[in-house]
Amino acid sequence: MENQSQQTASMENQSQKKPRILCLHGFRTSASILQKLILRWPEDVLEKLDLVFLDAPFPARGKSDVEGIFDPPYYEWFQGNEDFTQYSNFEECLAYIENYMIEHGPFDGFLGFSQGAILAAALPGMQKDGVCLTKVPNIKFLIIISGAKLGGSKFGLPKLAANAFSSPVQCPSLHFIGEADFLKEEGIGLVESFVNPLVIHHIKGHTIPRLDEESLEKILSFIQRIQMLPSQKD
């Protein structure tokens with residue numbers, strides 16, 4: 001009976017663990033902006049997650065789309081040319097994220113929006129390929145909001161990400177796709193690169209959507225799924 005009680009307690013503790021998530025903001029925005037938008041989600045969701053918001057390493061090199069809506073400073077993860085076929089500071093960005101994870105981790109997974117989502121989606125494949133995040137534990141899951149696929153129809157592949165999607169991405173993933181998002185088709189293409197992805201469709205555009213009843217049910221089921229994964233602290 002004692003062993004059975006210990007096993008029950010262990011399962012309860014496992015289900016109550018908060019997955020620790022590193023959150024990557026959008027192009028020319030900031031950690032504080034993403035935090036403000038995510039904190040609009042219901043407490044039922046937020047209380048189950050340990051969210052850490054990180055500013056990108058490079059100050060914005062041009063005008064931000066959120067000027068006049070959210071206060072500066074604004075940052076960007078890496079830079080690309082006009083048609084997104086060549087990139088700069090991509091390797092530096094990866095090193096910056098890994099150093100942060102070493103100093104402030106461990107982290108279980110990533111949440112990304114826009115440029116942060118494009119970057120986050122490629123990380124598991126690059127980590128598997130041994131070209132990034134080699135000094136930190138394997139990424140266990142992703143939450144992708146308004147994402148797109150590097151090497152897809154809109155964005156070229158940085159050299160380091162050449163094999164990021166060469167095989168289906170195995171880690172659990174939750175994808176938000178907006179009907180009015182200019183990246184909608186790219187987001188759908190990204191979903192096809194994952195094994196058993198969970199998708200939340202919403203009517204908004206390129207934004208962090210509020211959660212309706214159906215979306216809330218889906219995200220809670222995803223959280224329950226990732227809570228059952230072994231914690232990086234185990």
# chains A, B, ... in the order shown; residues from 1 in each chain; ligands from 1
call {"tool": "residues_around", "arguments": {"residues": "range 42-46 of chain A", "least_positions_apart": "3", "cutoff": "9 Å", "atoms": "only C-alpha atoms", "output": "list in words"}}
result
Ile38, Leu39, Leu49, Asp50, Leu51, Arg210, Leu211, Leu216, Ile219, Leu220 and Ile223 of chain A
call {"tool": "select_by_dssp", "arguments": {"residues": "range 10-232 of chain A", "states": "strand (DSSP E or B)", "output": "PyMOL selection string"}}
result
chain A and resi 20-24+29+50-54+58-59+75-76+79-80+87-88+109-113+141-145+150+155+169+173-178+194+198-202
call {"tool": "atom_distance", "arguments": {"atom1": "CA of Leu160 in chain A", "atom2": "CA of Gly109 in chain A"}}
result
20.3 Å
call {"tool": "residues_around", "arguments": {"residues": "range 93-95 of chain A", "least_positions_apart": "3", "cutoff": "9 Å", "atoms": "only C-alpha atoms", "output": "list in words"}}
result
Ala56, Pro57, Phe58, Trp77, Phe78, Asn89, Phe90, Glu98, Asn99, Tyr100, Leu123, Cys132 and Leu133 of chain A
call {"tool": "residues_around", "arguments": {"residues": "Val136 in chain A", "least_positions_apart": "3", "cutoff": "12 Å", "atoms": "only C-alpha atoms", "output": "MDAnalysis selection string"}}
result
chainID A and resid 95 97:109 124 127:128 130 132:133 139:140 232:233
call {"tool": "atom_distance", "arguments": {"atom1": "CA of Leu150 in chain A", "atom2": "CA of Gln224 in chain A"}}
result
29.0 Å
call {"tool": "closest_residue", "arguments": {"among": "A:Gly205, A:Val52, A:Gly189, A:Leu174", "to": "Phe155 in chain A", "atoms": "only C-alpha atoms"}}
result
A:Gly189
call {"tool": "select_by_dssp", "arguments": {"residues": "range 114-230 of chain A", "states": "alpha helix (DSSP H)", "output": "PyMOL selection string"}}
result
chain A and resi 115-129+184-191+213-227
call {"tool": "atom_distance", "arguments": {"atom1": "CA of Leu157 in chain A", "atom2": "CA of Ala122 in chain A"}}
result
10.0 Å
call {"tool": "residues_around", "arguments": {"residues": "range 166-172 of chain A", "least_positions_apart": "6", "cutoff": "6 Å", "atoms": "only C-alpha atoms", "output": "compact mmCIF listing (two decimals) with N, CA, C and O atoms, in the first residue's frame"}}
result
# COMPACT_ATOMS: atom_id res chain seq x y z
N LYS A 140 11.78 19.87 -25.56
CA LYS A 140 10.72 18.88 -25.37
C LYS A 140 9.42 19.23 -26.09
O LYS A 140 8.63 18.36 -26.39
N PHE A 141 9.17 20.53 -26.36
CA PHE A 141 7.93 20.93 -27.02
C PHE A 141 8.05 22.36 -27.52
O PHE A 141 8.94 23.11 -27.12
N SER A 193 5.37 19.96 -41.21
CA SER A 193 6.71 19.46 -40.92
C SER A 193 6.80 18.81 -39.55
O SER A 193 7.88 18.33 -39.17
N PHE A 194 5.70 18.78 -38.80
CA PHE A 194 5.70 18.24 -37.45
C PHE A 194 4.88 16.95 -37.38
O PHE A 194 3.93 16.76 -38.14
N VAL A 195 5.26 16.09 -36.44
CA VAL A 195 4.53 14.84 -36.19
C VAL A 195 3.42 15.12 -35.18
O VAL A 195 3.66 15.63 -34.10
call {"tool": "decode", "arguments": {"residues": "range 58-119 of chain A", "atoms": "C-alpha atoms", "output": "PDB file, in the first residue's frame"}}
result
ATOM      1  CA  PHE A  58      20.032  43.054 -31.622  1.00  0.00           C
ATOM      2  CA  PRO A  59      18.386  46.495 -31.377  1.00  0.00           C
ATOM      3  CA  ALA A  60      15.866  47.103 -34.170  1.00  0.00           C
ATOM      4  CA  ARG A  61      17.564  48.369 -37.321  1.00  0.00           C
ATOM      5  CA  GLY A  62      14.433  49.996 -38.723  1.00  0.00           C
ATOM      6  CA  LYS A  63      10.903  51.102 -37.948  1.00  0.00           C
ATOM      7  CA  SER A  64       8.769  48.818 -35.798  1.00  0.00           C
ATOM      8  CA  ASP A  65       5.174  48.011 -36.733  1.00  0.00           C
ATOM      9  CA  VAL A  66       4.194  48.480 -33.089  1.00  0.00           C
ATOM     10  CA  GLU A  67       5.460  52.061 -32.753  1.00  0.00           C
ATOM     11  CA  GLY A  68       2.716  54.168 -31.193  1.00  0.00           C
ATOM     12  CA  ILE A  69       1.088  51.042 -29.728  1.00  0.00           C
ATOM     13  CA  PHE A  70       3.850  49.723 -27.485  1.00  0.00           C
ATOM     14  CA  ASP A  71       6.797  51.655 -26.109  1.00  0.00           C
ATOM     15  CA  PRO A  72      10.382  51.017 -27.251  1.00  0.00           C
ATOM     16  CA  PRO A  73      13.049  49.691 -27.091  1.00  0.00           C
ATOM     17  CA  TYR A  74      12.524  47.147 -29.880  1.00  0.00           C
ATOM     18  CA  TYR A  75      14.739  44.203 -30.827  1.00  0.00           C
ATOM     19  CA  GLU A  76      15.240  41.633 -33.590  1.00  0.00           C
ATOM     20  CA  TRP A  77      16.668  38.119 -33.510  1.00  0.00           C
ATOM     21  CA  PHE A  78      18.566  38.229 -36.809  1.00  0.00           C
ATOM     22  CA  GLN A  79      18.471  40.100 -40.119  1.00  0.00           C
ATOM     23  CA  GLY A  80      17.629  39.119 -43.680  1.00  0.00           C
ATOM     24  CA  ASN A  81      17.838  40.740 -47.090  1.00  0.00           C
ATOM     25  CA  GLU A  82      14.725  42.002 -48.874  1.00  0.00           C
ATOM     26  CA  ASP A  83      13.671  38.641 -50.298  1.00  0.00           C
ATOM     27  CA  PHE A  84      14.812  36.604 -47.260  1.00  0.00           C
ATOM     28  CA  THR A  85      17.347  34.543 -49.168  1.00  0.00           C
ATOM     29  CA  GLN A  86      20.371  35.677 -47.141  1.00  0.00           C
ATOM     30  CA  TYR A  87      20.693  36.217 -43.404  1.00  0.00           C
ATOM     31  CA  SER A  88      23.120  37.847 -41.016  1.00  0.00           C
ATOM     32  CA  ASN A  89      23.720  37.323 -37.299  1.00  0.00           C
ATOM     33  CA  PHE A  90      21.827  34.014 -37.338  1.00  0.00           C
ATOM     34  CA  GLU A  91      24.698  32.090 -35.757  1.00  0.00           C
ATOM     35  CA  GLU A  92      25.218  34.863 -33.198  1.00  0.00           C
ATOM     36  CA  CYS A  93      21.528  34.694 -32.313  1.00  0.00           C
ATOM     37  CA  LEU A  94      21.719  30.953 -31.667  1.00  0.00           C
ATOM     38  CA  ALA A  95      24.778  31.378 -29.451  1.00  0.00           C
ATOM     39  CA  TYR A  96      23.006  34.134 -27.509  1.00  0.00           C
ATOM     40  CA  ILE A  97      19.993  31.904 -26.825  1.00  0.00           C
ATOM     41  CA  GLU A  98      22.169  28.975 -25.804  1.00  0.00           C
ATOM     42  CA  ASN A  99      24.214  31.115 -23.402  1.00  0.00           C
ATOM     43  CA  TYR A 100      21.021  32.393 -21.812  1.00  0.00           C
ATOM     44  CA  MET A 101      19.739  28.842 -21.429  1.00  0.00           C
ATOM     45  CA  ILE A 102      23.001  27.735 -19.801  1.00  0.00           C
ATOM     46  CA  GLU A 103      22.942  30.639 -17.339  1.00  0.00           C
ATOM     47  CA  HIS A 104      19.214  30.696 -16.555  1.00  0.00           C
ATOM     48  CA  GLY A 105      17.980  27.210 -17.433  1.00  0.00           C
ATOM     49  CA  PRO A 106      17.041  24.509 -17.642  1.00  0.00           C
ATOM     50  CA  PHE A 107      14.105  25.105 -19.985  1.00  0.00           C
ATOM     51  CA  ASP A 108      11.636  22.489 -21.173  1.00  0.00           C
ATOM     52  CA  GLY A 109      10.374  24.162 -24.344  1.00  0.00           C
ATOM     53  CA  PHE A 110       9.921  27.309 -26.395  1.00  0.00           C
ATOM     54  CA  LEU A 111       7.062  29.663 -27.173  1.00  0.00           C
ATOM     55  CA  GLY A 112       7.577  31.927 -30.168  1.00  0.00           C
ATOM     56  CA  PHE A 113       5.637  34.614 -31.986  1.00  0.00           C
ATOM     57  CA  SER A 114       6.341  35.775 -35.571  1.00  0.00           C
ATOM     58  CA  GLN A 115      10.138  35.975 -36.038  1.00  0.00           C
ATOM     59  CA  GLY A 116      10.487  34.291 -32.652  1.00  0.00           C
ATOM     60  CA  ALA A 117       8.181  31.490 -33.840  1.00  0.00           C
ATOM     61  CA  ILE A 118      10.096  31.058 -37.110  1.00  0.00           C
ATOM     62  CA  LEU A 119      13.285  30.719 -35.089  1.00  0.00           C
TER      63      LEU A 119
END
